[in-house]
$ cat model_24.pdb   # PDB, C-alpha atoms, pLDDT in the B column
ATOM      1  CA  MET A   1       0.000   0.000   0.000  1.00 81.00           C
ATOM      2  CA  LEU A   2       1.399   3.394  -1.026  1.00 88.00           C
ATOM      3  CA  ASP A   3       1.774   5.998   1.685  1.00 91.00           C
ATOM      4  CA  GLN A   4       0.821   9.676   1.444  1.00 92.00           C
ATOM      5  CA  ALA A   5       4.337  10.852   0.515  1.00 94.00           C
ATOM      6  CA  GLU A   6       4.692   8.223  -2.195  1.00 95.00           C
ATOM      7  CA  ILE A   7       1.286   9.123  -3.684  1.00 96.00           C
ATOM      8  CA  GLY A   8       2.303  12.794  -3.649  1.00 95.00           C
ATOM      9  CA  ARG A   9       5.590  12.012  -5.403  1.00 95.00           C
ATOM     10  CA  LEU A  10       3.903   9.945  -8.115  1.00 95.00           C
ATOM     11  CA  LEU A  11       1.317  12.684  -8.742  1.00 96.00           C
ATOM     12  CA  HIS A  12       4.032  15.397  -8.722  1.00 95.00           C
ATOM     13  CA  ALA A  13       1.955  17.144  -6.038  1.00 94.00           C
ATOM     14  CA  SER A  14       3.217  20.552  -4.971  1.00 91.00           C
ATOM     15  CA  ARG A  15       1.242  20.326  -1.731  1.00 92.00           C
ATOM     16  CA  ILE A  16      -0.603  17.734   0.324  1.00 95.00           C
ATOM     17  CA  ILE A  17      -3.347  18.912   2.666  1.00 93.00           C
ATOM     18  CA  PRO A  18      -5.619  16.761   4.868  1.00 94.00           C
ATOM     19  CA  VAL A  19      -9.310  17.257   4.032  1.00 92.00           C
ATOM     20  CA  ASP A  20     -11.503  17.202   7.102  1.00 86.00           C
ATOM     21  CA  VAL A  21     -14.693  15.552   5.849  1.00 88.00           C
ATOM     22  CA  ALA A  22     -15.900  12.702   8.038  1.00 85.00           C
ATOM     23  CA  ASN A  23     -17.990  10.887   5.438  1.00 86.00           C
ATOM     24  CA  PRO A  24     -17.161  11.871   1.847  1.00 87.00           C
ATOM     25  CA  HIS A  25     -19.440   9.216   0.326  1.00 85.00           C
ATOM     26  CA  GLY A  26     -22.692   9.582  -1.580  1.00 81.00           C
ATOM     27  CA  PRO A  27     -23.963  12.766  -3.264  1.00 80.00           C
ATOM     28  CA  LEU A  28     -24.046  14.848  -0.071  1.00 81.00           C
ATOM     29  CA  GLY A  29     -20.671  13.593   1.112  1.00 86.00           C
ATOM     30  CA  LEU A  30     -19.111  14.456  -2.246  1.00 86.00           C
ATOM     31  CA  GLU A  31     -20.674  17.935  -2.090  1.00 84.00           C
ATOM     32  CA  GLN A  32     -19.120  18.396   1.358  1.00 86.00           C
ATOM     33  CA  LEU A  33     -15.791  17.206   0.002  1.00 89.00           C
ATOM     34  CA  ALA A  34     -16.047  19.606  -2.959  1.00 87.00           C
ATOM     35  CA  GLY A  35     -16.791  22.461  -0.537  1.00 84.00           C
ATOM     36  CA  ALA A  36     -13.777  21.605   1.624  1.00 87.00           C
ATOM     37  CA  VAL A  37     -11.524  21.436  -1.454  1.00 88.00           C
ATOM     38  CA  ALA A  38     -12.884  24.773  -2.739  1.00 83.00           C
ATOM     39  CA  ARG A  39     -11.899  26.329   0.617  1.00 82.00           C
ATOM     40  CA  ILE A  40      -8.389  24.825   0.389  1.00 84.00           C
ATOM     41  CA  ARG A  41      -7.945  26.202  -3.103  1.00 79.00           C
ATOM     42  CA  GLY A  42      -9.348  29.609  -2.126  1.00 71.00           C
ATOM     43  CA  GLU A  43      -7.220  29.946   1.005  1.00 64.00           C
ATOM     44  CA  SER A  44      -4.038  29.272  -0.930  1.00 59.00           C
ATOM     45  CA  GLN A  45      -4.573  32.274  -3.165  1.00 56.00           C
ATOM     46  CA  PRO A  46      -3.124  35.568  -1.958  1.00 58.00           C
ATOM     47  CA  GLN A  47      -5.745  38.292  -1.711  1.00 62.00           C
ATOM     48  CA  ARG A  48      -6.340  39.823  -5.114  1.00 67.00           C
ATOM     49  CA  VAL A  49      -8.827  42.241  -6.606  1.00 73.00           C
ATOM     50  CA  GLU A  50     -10.344  41.251  -9.925  1.00 72.00           C
ATOM     51  CA  ARG A  51     -11.764  43.851 -12.273  1.00 78.00           C
ATOM     52  CA  THR A  52     -12.461  43.916 -15.974  1.00 81.00           C
ATOM     53  CA  ILE A  53     -10.399  46.489 -17.879  1.00 85.00           C
ATOM     54  CA  SER A  54     -10.540  47.570 -21.502  1.00 89.00           C
ATOM     55  CA  LEU A  55      -7.400  47.543 -23.688  1.00 90.00           C
ATOM     56  CA  SER A  56      -6.678  48.432 -27.271  1.00 93.00           C
ATOM     57  CA  VAL A  57      -6.279  45.548 -29.681  1.00 93.00           C
ATOM     58  CA  GLU A  58      -2.652  46.594 -30.227  1.00 94.00           C
ATOM     59  CA  ALA A  59      -1.851  46.443 -26.507  1.00 93.00           C
ATOM     60  CA  TRP A  60      -3.618  43.107 -26.168  1.00 93.00           C
ATOM     61  CA  THR A  61      -1.691  41.671 -29.117  1.00 94.00           C
ATOM     62  CA  LYS A  62       1.625  42.736 -27.587  1.00 94.00           C
ATOM     63  CA  LEU A  63       0.654  41.257 -24.243  1.00 93.00           C
ATOM     64  CA  ASN A  64      -0.350  38.058 -26.009  1.00 92.00           C
ATOM     65  CA  ASP A  65       3.077  37.872 -27.696  1.00 93.00           C
ATOM     66  CA  LEU A  66       4.812  38.436 -24.343  1.00 92.00           C
ATOM     67  CA  ALA A  67       2.703  35.712 -22.691  1.00 89.00           C
ATOM     68  CA  HIS A  68       3.499  33.304 -25.500  1.00 89.00           C
ATOM     69  CA  ALA A  69       7.244  34.009 -25.243  1.00 90.00           C
ATOM     70  CA  GLN A  70       7.169  33.617 -21.450  1.00 85.00           C
ATOM     71  CA  ALA A  71       5.286  30.304 -21.757  1.00 83.00           C
ATOM     72  CA  LEU A  72       7.976  28.984 -24.096  1.00 84.00           C
ATOM     73  CA  ARG A  73      10.767  30.154 -21.769  1.00 82.00           C
ATOM     74  CA  ALA A  74       9.193  28.739 -18.614  1.00 75.00           C
ATOM     75  CA  ASP A  75       7.690  25.659 -20.336  1.00 72.00           C
ATOM     76  CA  LYS A  76       4.377  26.247 -18.556  1.00 69.00           C
ATOM     77  CA  PRO A  77       1.165  28.053 -19.504  1.00 73.00           C
ATOM     78  CA  THR A  78       1.273  31.804 -18.969  1.00 78.00           C
ATOM     79  CA  SER A  79      -1.882  33.829 -19.498  1.00 82.00           C
ATOM     80  CA  VAL A  80      -2.165  37.286 -20.981  1.00 87.00           C
ATOM     81  CA  SER A  81      -3.837  38.418 -17.750  1.00 85.00           C
ATOM     82  CA  GLU A  82      -0.838  37.264 -15.718  1.00 84.00           C
ATOM     83  CA  VAL A  83       1.549  39.231 -17.895  1.00 88.00           C
ATOM     84  CA  ALA A  84      -0.681  42.329 -17.747  1.00 90.00           C
ATOM     85  CA  ALA A  85      -0.985  42.062 -13.955  1.00 87.00           C
ATOM     86  CA  ALA A  86       2.790  41.609 -13.523  1.00 87.00           C
ATOM     87  CA  LEU A  87       3.549  44.673 -15.692  1.00 90.00           C
ATOM     88  CA  LEU A  88       1.022  46.850 -13.873  1.00 90.00           C
ATOM     89  CA  GLU A  89       2.202  45.725 -10.425  1.00 86.00           C
ATOM     90  CA  GLN A  90       5.802  46.460 -11.412  1.00 85.00           C
ATOM     91  CA  LEU A  91       4.829  49.892 -12.714  1.00 87.00           C
ATOM     92  CA  VAL A  92       2.857  50.965  -9.644  1.00 88.00           C
ATOM     93  CA  SER A  93       5.409  49.534  -7.202  1.00 83.00           C
ATOM     94  CA  ASP A  94       7.857  52.183  -8.438  1.00 79.00           C
ATOM     95  CA  GLN A  95       5.375  54.947  -7.655  1.00 83.00           C
ATOM     96  CA  PRO A  96       5.577  56.735  -4.288  1.00 79.00           C
TER      97      PRO A  96
ATOM     98  CA  MET B   1     -35.002 -14.332   7.593  1.00 48.00           C
ATOM     99  CA  ASN B   2     -31.261 -14.168   7.921  1.00 51.00           C
ATOM    100  CA  SER B   3     -30.390 -10.666   9.204  1.00 55.00           C
ATOM    101  CA  LYS B   4     -26.718 -10.921   8.325  1.00 68.00           C
ATOM    102  CA  GLY B   5     -25.172 -11.799   5.025  1.00 75.00           C
ATOM    103  CA  ASP B   6     -22.189 -11.326   2.832  1.00 75.00           C
ATOM    104  CA  PRO B   7     -23.217  -8.798   0.137  1.00 67.00           C
ATOM    105  CA  GLN B   8     -20.601 -10.209  -2.239  1.00 68.00           C
ATOM    106  CA  GLN B   9     -22.161 -13.650  -1.883  1.00 75.00           C
ATOM    107  CA  ILE B  10     -25.754 -12.395  -2.027  1.00 77.00           C
ATOM    108  CA  PHE B  11     -25.144 -10.373  -5.176  1.00 70.00           C
ATOM    109  CA  ARG B  12     -22.918 -13.121  -6.623  1.00 71.00           C
ATOM    110  CA  THR B  13     -20.208 -10.644  -7.486  1.00 65.00           C
ATOM    111  CA  SER B  14     -16.601 -11.607  -8.014  1.00 60.00           C
ATOM    112  CA  LEU B  15     -15.304  -8.057  -8.306  1.00 55.00           C
ATOM    113  CA  PRO B  16     -13.112  -6.748  -5.504  1.00 54.00           C
ATOM    114  CA  VAL B  17     -14.582  -4.240  -3.095  1.00 61.00           C
ATOM    115  CA  GLY B  18     -13.038  -0.804  -3.532  1.00 64.00           C
ATOM    116  CA  GLY B  19     -10.969   0.373  -0.594  1.00 83.00           C
ATOM    117  CA  SER B  20      -9.677   3.841  -1.485  1.00 91.00           C
ATOM    118  CA  LEU B  21     -11.783   6.780  -2.593  1.00 93.00           C
ATOM    119  CA  VAL B  22     -10.052   8.661  -5.432  1.00 95.00           C
ATOM    120  CA  VAL B  23     -11.684  11.966  -6.421  1.00 95.00           C
ATOM    121  CA  VAL B  24     -10.645  14.211  -9.311  1.00 95.00           C
ATOM    122  CA  PHE B  25     -12.041  17.737  -9.714  1.00 92.00           C
ATOM    123  CA  ILE B  26     -12.582  18.596 -13.368  1.00 92.00           C
ATOM    124  CA  PRO B  27     -12.671  22.357 -13.855  1.00 88.00           C
ATOM    125  CA  SER B  28     -15.100  24.264 -16.051  1.00 87.00           C
ATOM    126  CA  LYS B  29     -12.873  27.264 -16.733  1.00 84.00           C
ATOM    127  CA  ASP B  30      -9.258  28.066 -17.451  1.00 81.00           C
ATOM    128  CA  ARG B  31      -7.133  30.353 -15.304  1.00 76.00           C
ATOM    129  CA  ASP B  32      -8.444  33.403 -17.205  1.00 73.00           C
ATOM    130  CA  GLY B  33     -12.063  32.483 -16.562  1.00 74.00           C
ATOM    131  CA  ASN B  34     -12.725  31.234 -20.082  1.00 79.00           C
ATOM    132  CA  ALA B  35     -14.888  28.127 -20.490  1.00 83.00           C
ATOM    133  CA  ILE B  36     -12.990  24.948 -21.344  1.00 89.00           C
ATOM    134  CA  ASP B  37     -14.133  21.778 -23.109  1.00 92.00           C
ATOM    135  CA  GLN B  38     -15.169  20.173 -19.824  1.00 92.00           C
ATOM    136  CA  GLU B  39     -16.978  17.240 -21.479  1.00 93.00           C
ATOM    137  CA  ARG B  40     -13.753  16.173 -23.178  1.00 95.00           C
ATOM    138  CA  TRP B  41     -11.862  16.137 -19.884  1.00 96.00           C
ATOM    139  CA  ILE B  42     -14.665  14.324 -18.043  1.00 95.00           C
ATOM    140  CA  ASP B  43     -14.422  11.619 -20.681  1.00 95.00           C
ATOM    141  CA  GLU B  44     -10.616  11.448 -20.505  1.00 96.00           C
ATOM    142  CA  VAL B  45     -10.492  11.325 -16.690  1.00 97.00           C
ATOM    143  CA  LEU B  46     -13.271   8.698 -16.519  1.00 96.00           C
ATOM    144  CA  THR B  47     -11.467   6.605 -19.122  1.00 96.00           C
ATOM    145  CA  THR B  48      -8.215   6.696 -17.149  1.00 96.00           C
ATOM    146  CA  LEU B  49      -9.928   5.981 -13.818  1.00 96.00           C
ATOM    147  CA  GLY B  50     -11.856   3.139 -15.450  1.00 95.00           C
ATOM    148  CA  GLN B  51      -8.706   1.631 -16.929  1.00 95.00           C
ATOM    149  CA  VAL B  52      -6.619   1.749 -13.759  1.00 94.00           C
ATOM    150  CA  PHE B  53      -9.283   1.271 -11.051  1.00 92.00           C
ATOM    151  CA  ARG B  54     -11.912  -0.733 -13.015  1.00 88.00           C
ATOM    152  CA  GLY B  55     -14.662   1.862 -12.848  1.00 89.00           C
ATOM    153  CA  ALA B  56     -15.517   5.504 -12.198  1.00 92.00           C
ATOM    154  CA  THR B  57     -18.452   7.881 -11.982  1.00 91.00           C
ATOM    155  CA  ALA B  58     -18.771  11.577 -12.771  1.00 91.00           C
ATOM    156  CA  SER B  59     -21.116  13.548 -10.599  1.00 83.00           C
ATOM    157  CA  PRO B  60     -22.308  16.885 -11.984  1.00 73.00           C
ATOM    158  CA  ARG B  61     -22.681  19.552  -9.356  1.00 62.00           C
ATOM    159  CA  GLY B  62     -25.531  21.995  -9.066  1.00 51.00           C
ATOM    160  CA  ARG B  63     -24.899  25.164 -11.003  1.00 51.00           C
ATOM    161  CA  GLY B  64     -24.116  27.980  -8.610  1.00 47.00           C
ATOM    162  CA  VAL B  65     -22.803  31.419  -7.980  1.00 48.00           C
ATOM    163  CA  TRP B  66     -21.195  32.843  -4.870  1.00 47.00           C
ATOM    164  CA  ARG B  67     -20.172  36.322  -3.809  1.00 50.00           C
ATOM    165  CA  ASP B  68     -16.508  36.656  -2.974  1.00 47.00           C
ATOM    166  CA  ASP B  69     -16.450  39.502  -0.435  1.00 51.00           C
ATOM    167  CA  GLU B  70     -12.671  39.374  -0.223  1.00 48.00           C
ATOM    168  CA  ARG B  71     -12.527  40.327  -3.878  1.00 48.00           C
ATOM    169  CA  GLY B  72     -14.783  43.335  -3.785  1.00 55.00           C
ATOM    170  CA  GLY B  73     -17.954  41.313  -4.137  1.00 53.00           C
ATOM    171  CA  THR B  74     -16.942  39.743  -7.441  1.00 55.00           C
ATOM    172  CA  LEU B  75     -19.337  36.971  -8.399  1.00 52.00           C
ATOM    173  CA  VAL B  76     -17.398  33.765  -8.972  1.00 50.00           C
ATOM    174  CA  ARG B  77     -18.954  31.063 -11.105  1.00 57.00           C
ATOM    175  CA  GLU B  78     -17.281  27.687 -11.142  1.00 62.00           C
ATOM    176  CA  GLU B  79     -18.907  24.411 -11.997  1.00 72.00           C
ATOM    177  CA  PRO B  80     -16.367  21.645 -11.421  1.00 80.00           C
ATOM    178  CA  VAL B  81     -17.462  18.085 -12.077  1.00 89.00           C
ATOM    179  CA  ILE B  82     -16.391  15.465  -9.557  1.00 91.00           C
ATOM    180  CA  ALA B  83     -15.085  12.207 -11.015  1.00 94.00           C
ATOM    181  CA  PHE B  84     -14.576   9.491  -8.450  1.00 93.00           C
ATOM    182  CA  SER B  85     -13.582   5.901  -8.176  1.00 93.00           C
ATOM    183  CA  TYR B  86     -13.405   3.325  -5.413  1.00 92.00           C
ATOM    184  CA  ALA B  87     -10.047   1.676  -5.984  1.00 92.00           C
ATOM    185  CA  ALA B  88      -9.149  -1.707  -4.578  1.00 90.00           C
ATOM    186  CA  SER B  89      -6.024  -1.445  -2.427  1.00 87.00           C
ATOM    187  CA  GLU B  90      -4.068  -3.674  -4.798  1.00 89.00           C
ATOM    188  CA  ASP B  91      -4.974  -1.386  -7.727  1.00 92.00           C
ATOM    189  CA  LEU B  92      -3.602   1.777  -6.095  1.00 93.00           C
ATOM    190  CA  THR B  93      -0.135   1.224  -7.529  1.00 95.00           C
ATOM    191  CA  ALA B  94       2.721   3.366  -8.821  1.00 95.00           C
ATOM    192  CA  GLY B  95       1.731   2.432 -12.377  1.00 96.00           C
ATOM    193  CA  ALA B  96      -1.895   3.463 -11.818  1.00 96.00           C
ATOM    194  CA  LEU B  97      -0.947   6.810 -10.296  1.00 96.00           C
ATOM    195  CA  THR B  98       1.587   7.478 -13.049  1.00 96.00           C
ATOM    196  CA  ALA B  99      -1.150   6.867 -15.636  1.00 96.00           C
ATOM    197  CA  LEU B 100      -3.512   9.146 -13.713  1.00 97.00           C
ATOM    198  CA  TYR B 101      -0.818  11.828 -13.496  1.00 97.00           C
ATOM    199  CA  ARG B 102      -0.266  11.705 -17.277  1.00 96.00           C
ATOM    200  CA  THR B 103      -3.947  12.489 -17.895  1.00 96.00           C
ATOM    201  CA  LEU B 104      -4.121  15.182 -15.201  1.00 96.00           C
ATOM    202  CA  SER B 105      -0.878  16.764 -16.361  1.00 95.00           C
ATOM    203  CA  ARG B 106      -2.251  16.977 -19.894  1.00 95.00           C
ATOM    204  CA  MET B 107      -5.494  18.492 -18.574  1.00 95.00           C
ATOM    205  CA  GLY B 108      -3.507  21.053 -16.571  1.00 92.00           C
ATOM    206  CA  ARG B 109      -1.434  22.072 -19.578  1.00 91.00           C
ATOM    207  CA  GLU B 110      -4.040  22.011 -22.332  1.00 92.00           C
ATOM    208  CA  ALA B 111      -6.910  23.445 -20.260  1.00 90.00           C
ATOM    209  CA  ARG B 112      -4.541  26.074 -18.808  1.00 86.00           C
ATOM    210  CA  GLN B 113      -5.098  25.355 -15.105  1.00 85.00           C
ATOM    211  CA  GLY B 114      -3.342  26.950 -12.157  1.00 83.00           C
ATOM    212  CA  GLU B 115      -3.729  23.744 -10.143  1.00 87.00           C
ATOM    213  CA  ILE B 116      -5.360  20.349 -10.582  1.00 91.00           C
ATOM    214  CA  GLY B 117      -6.850  18.849  -7.419  1.00 92.00           C
ATOM    215  CA  VAL B 118      -7.101  15.190  -6.463  1.00 96.00           C
ATOM    216  CA  VAL B 119      -8.303  13.738  -3.172  1.00 96.00           C
ATOM    217  CA  ILE B 120      -7.179  10.261  -2.191  1.00 95.00           C
ATOM    218  CA  ASP B 121      -8.291   8.832   1.121  1.00 92.00           C
ATOM    219  CA  GLY B 122      -8.812  12.165   2.821  1.00 92.00           C
ATOM    220  CA  ASN B 123      -5.769  14.016   1.500  1.00 95.00           C
ATOM    221  CA  TYR B 124      -5.836  16.790  -1.094  1.00 95.00           C
ATOM    222  CA  TYR B 125      -2.984  16.614  -3.625  1.00 96.00           C
ATOM    223  CA  GLY B 126      -2.484  19.892  -5.485  1.00 93.00           C
ATOM    224  CA  ILE B 127      -0.746  19.429  -8.823  1.00 93.00           C
ATOM    225  CA  THR B 128       0.910  22.435 -10.484  1.00 89.00           C
ATOM    226  CA  ASP B 129       3.826  20.686 -12.193  1.00 88.00           C
ATOM    227  CA  TYR B 130       2.575  19.589 -15.615  1.00 90.00           C
ATOM    228  CA  VAL B 131       5.453  17.566 -16.982  1.00 83.00           C
ATOM    229  CA  ALA B 132       5.033  16.401 -20.576  1.00 74.00           C
ATOM    230  CA  GLU B 133       5.785  12.655 -20.684  1.00 65.00           C
TER     231      GLU B 133
END
$ encode --input "model_24.pdb" --output "structure tokens"
Amino acid sequence: MLDQAEIGRLLHASRIIPVDVANPHGPLGLEQLAGAVARIRGESQPQRVERTISLSVEAWTKLNDLAHAQALRADKPTSVSEVAAALLEQLVSDQP
Amino acid sequence: MNSKGDPQQIFRTSLPVGGSLVVVFIPSKDRDGNAIDQERWIDEVLTTLGQVFRGATASPRGRGVWRDDERGGTLVREEPVIAFSYAASEDLTAGALTALYRTLSRMGREARQGEIGVVIDGNYYGITDYVAE
């Protein structure tokens, strides 16, 4: 029988967190489990504010190119939104 | 009437009784909030779970919306589907988990996910490393 660490290694898990649901069986148990997992995933995110902003097509295209280049460099998906957020955060961090 | 009985004998089943609950959360959106081809991934995850653990079920969740007060009241809509399997202890092997990882890794990459979540026997395994194998 595989132990927790071995399962984590085989799944390439970046984190292993116990889920406190007494009876995760049946439709209601699975809903409880899904709720507990949603909390785990939510708690791991640093606090962020999400708003929709409007950009010119030209700016969006450039951001898209940057995201694509970054994804190739890092060999992992990088979204346009992530690139835009990183650029804006860098810009405003220099402001007094 | 006999009040006690062996269900395996009563139902004349020769299949092993599953010992470990394996649950995979199949997202509905990518990390930018765009809808993904969830049906495709339900099918792929069920196929893998069926191959390695003999059977699996996908349970659609009720459609919902919730207000995230920590994000300025943004309404967050997420409709993950839960795919689960009861795996016999002898089937929860390195080979089975490697096969499961291959499918989940592909889902993480192609559906552009920040993290793929799996629960096995009460532990949440967060996968962010999508290695192409």
$ resolve_selection --input "model_24.pdb" --expression "the ChimeraX specification (/A :<7) & /B" --output "list in words"
Asp32, Arg71, Gly72, Ser89, Ala94, Leu97, Thr98, Tyr101, Arg109, Arg112, Gly122, Asn123, Tyr124, Tyr125, Gly126, Ile127, Thr128 and Asp129 of chain B
$ atom_distance --input "model_24.pdb" --atom1 "CA of Ala111 (chain B)" --atom2 "CA of Ile36 (chain B)"
6.4 Å
$ resolve_selection --input "model_24.pdb" --expression "the PyMOL selection byres ((chain B and resi 50) around 12)" --output "ChimeraX atom specification"
/B:22,42-49,51-58,83-87,91,96,99-100
$ resolve_selection --input "model_24.pdb" --expression "the PyMOL selection byres ((chain B and resi 38) around 9)" --output "list of chain:residue names"
B:Ile26, B:Pro27, B:Ser28, B:Lys29, B:Ala35, B:Ile36, B:Asp37, B:Glu39, B:Arg40, B:Trp41, B:Ile42, B:Asp43, B:Pro80, B:Val81, B:Ala111
$ atom_distance --input "model_24.pdb" --atom1 "CA of Leu88 (chain A)" --atom2 "CA of Ala59 (chain A)"
13.0 Å
$ closest_residue --input "model_24.pdb" --among "A:Leu87, A:Gly29, A:Gln95, A:Asp3" --to "Ala67 (chain A)" --atoms "only C-alpha atoms"
A:Leu87
$ atom_distance --input "model_24.pdb" --atom1 "CA of Leu55 (chain A)" --atom2 "CA of Ala85 (chain A)"
12.9 Å
$ closest_residue --input "model_24.pdb" --among "B:Val131, B:Gln9, B:Gly19, B:Val24" --to "Ile116 (chain B)" --atoms "only C-alpha atoms"
B:Val24
$ decode --input "model_24.pdb" --residues "region 21-42 of chain A" --atoms "N, CA and C atoms" --output "PDB file, in the first residue's frame"
ATOM      1  N   VAL A  21     -13.287  15.911   6.112  1.00  0.00           N
ATOM      2  CA  VAL A  21     -14.693  15.552   5.849  1.00  0.00           C
ATOM      3  C   VAL A  21     -14.880  14.129   6.357  1.00  0.00           C
ATOM      4  N   ALA A  22     -15.765  13.989   7.361  1.00  0.00           N
ATOM      5  CA  ALA A  22     -15.900  12.702   8.038  1.00  0.00           C
ATOM      6  C   ALA A  22     -16.404  11.602   7.104  1.00  0.00           C
ATOM      7  N   ASN A  23     -17.387  11.921   6.277  1.00  0.00           N
ATOM      8  CA  ASN A  23     -17.990  10.887   5.438  1.00  0.00           C
ATOM      9  C   ASN A  23     -18.159  11.399   4.001  1.00  0.00           C
ATOM     10  N   PRO A  24     -17.110  11.284   3.190  1.00  0.00           N
ATOM     11  CA  PRO A  24     -17.161  11.871   1.847  1.00  0.00           C
ATOM     12  C   PRO A  24     -17.842  10.971   0.824  1.00  0.00           C
ATOM     13  N   HIS A  25     -18.806  10.166   1.244  1.00  0.00           N
ATOM     14  CA  HIS A  25     -19.440   9.216   0.326  1.00  0.00           C
ATOM     15  C   HIS A  25     -20.870   9.645  -0.001  1.00  0.00           C
ATOM     16  N   GLY A  26     -21.344   9.224  -1.157  1.00  0.00           N
ATOM     17  CA  GLY A  26     -22.692   9.582  -1.580  1.00  0.00           C
ATOM     18  C   GLY A  26     -22.736  11.021  -2.072  1.00  0.00           C
ATOM     19  N   PRO A  27     -23.865  11.422  -2.681  1.00  0.00           N
ATOM     20  CA  PRO A  27     -23.963  12.766  -3.264  1.00  0.00           C
ATOM     21  C   PRO A  27     -23.687  13.880  -2.250  1.00  0.00           C
ATOM     22  N   LEU A  28     -24.248  13.777  -1.050  1.00  0.00           N
ATOM     23  CA  LEU A  28     -24.046  14.848  -0.071  1.00  0.00           C
ATOM     24  C   LEU A  28     -22.616  14.860   0.456  1.00  0.00           C
ATOM     25  N   GLY A  29     -22.057  13.680   0.652  1.00  0.00           N
ATOM     26  CA  GLY A  29     -20.671  13.593   1.112  1.00  0.00           C
ATOM     27  C   GLY A  29     -19.710  14.181   0.092  1.00  0.00           C
ATOM     28  N   LEU A  30     -19.974  13.907  -1.191  1.00  0.00           N
ATOM     29  CA  LEU A  30     -19.111  14.456  -2.246  1.00  0.00           C
ATOM     30  C   LEU A  30     -19.251  15.974  -2.332  1.00  0.00           C
ATOM     31  N   GLU A  31     -20.479  16.474  -2.102  1.00  0.00           N
ATOM     32  CA  GLU A  31     -20.674  17.935  -2.090  1.00  0.00           C
ATOM     33  C   GLU A  31     -19.873  18.560  -0.958  1.00  0.00           C
ATOM     34  N   GLN A  32     -19.904  17.905   0.207  1.00  0.00           N
ATOM     35  CA  GLN A  32     -19.120  18.396   1.358  1.00  0.00           C
ATOM     36  C   GLN A  32     -17.635  18.404   1.023  1.00  0.00           C
ATOM     37  N   LEU A  33     -17.198  17.319   0.393  1.00  0.00           N
ATOM     38  CA  LEU A  33     -15.791  17.206   0.002  1.00  0.00           C
ATOM     39  C   LEU A  33     -15.426  18.313  -0.987  1.00  0.00           C
ATOM     40  N   ALA A  34     -16.310  18.548  -1.968  1.00  0.00           N
ATOM     41  CA  ALA A  34     -16.047  19.606  -2.959  1.00  0.00           C
ATOM     42  C   ALA A  34     -15.968  20.966  -2.274  1.00  0.00           C
ATOM     43  N   GLY A  35     -16.821  21.195  -1.279  1.00  0.00           N
ATOM     44  CA  GLY A  35     -16.791  22.461  -0.537  1.00  0.00           C
ATOM     45  C   GLY A  35     -15.487  22.633   0.206  1.00  0.00           C
ATOM     46  N   ALA A  36     -15.039  21.555   0.859  1.00  0.00           N
ATOM     47  CA  ALA A  36     -13.777  21.605   1.624  1.00  0.00           C
ATOM     48  C   ALA A  36     -12.603  21.873   0.688  1.00  0.00           C
ATOM     49  N   VAL A  37     -12.615  21.232  -0.485  1.00  0.00           N
ATOM     50  CA  VAL A  37     -11.524  21.436  -1.454  1.00  0.00           C
ATOM     51  C   VAL A  37     -11.565  22.857  -2.009  1.00  0.00           C
ATOM     52  N   ALA A  38     -12.768  23.389  -2.247  1.00  0.00           N
ATOM     53  CA  ALA A  38     -12.884  24.773  -2.739  1.00  0.00           C
ATOM     54  C   ALA A  38     -12.275  25.739  -1.724  1.00  0.00           C
ATOM     55  N   ARG A  39     -12.483  25.460  -0.424  1.00  0.00           N
ATOM     56  CA  ARG A  39     -11.899  26.329   0.617  1.00  0.00           C
ATOM     57  C   ARG A  39     -10.378  26.230   0.587  1.00  0.00           C
ATOM     58  N   ILE A  40      -9.848  25.011   0.448  1.00  0.00           N
ATOM     59  CA  ILE A  40      -8.389  24.825   0.389  1.00  0.00           C
ATOM     60  C   ILE A  40      -7.815  25.619  -0.775  1.00  0.00           C
ATOM     61  N   ARG A  41      -8.464  25.519  -1.909  1.00  0.00           N
ATOM     62  CA  ARG A  41      -7.945  26.202  -3.103  1.00  0.00           C
ATOM     63  C   ARG A  41      -8.070  27.713  -2.952  1.00  0.00           C
ATOM     64  N   GLY A  42      -9.154  28.172  -2.319  1.00  0.00           N
ATOM     65  CA  GLY A  42      -9.348  29.609  -2.126  1.00  0.00           C
ATOM     66  C   GLY A  42      -8.367  30.191  -1.139  1.00  0.00           C
TER      67      GLY A  42
END
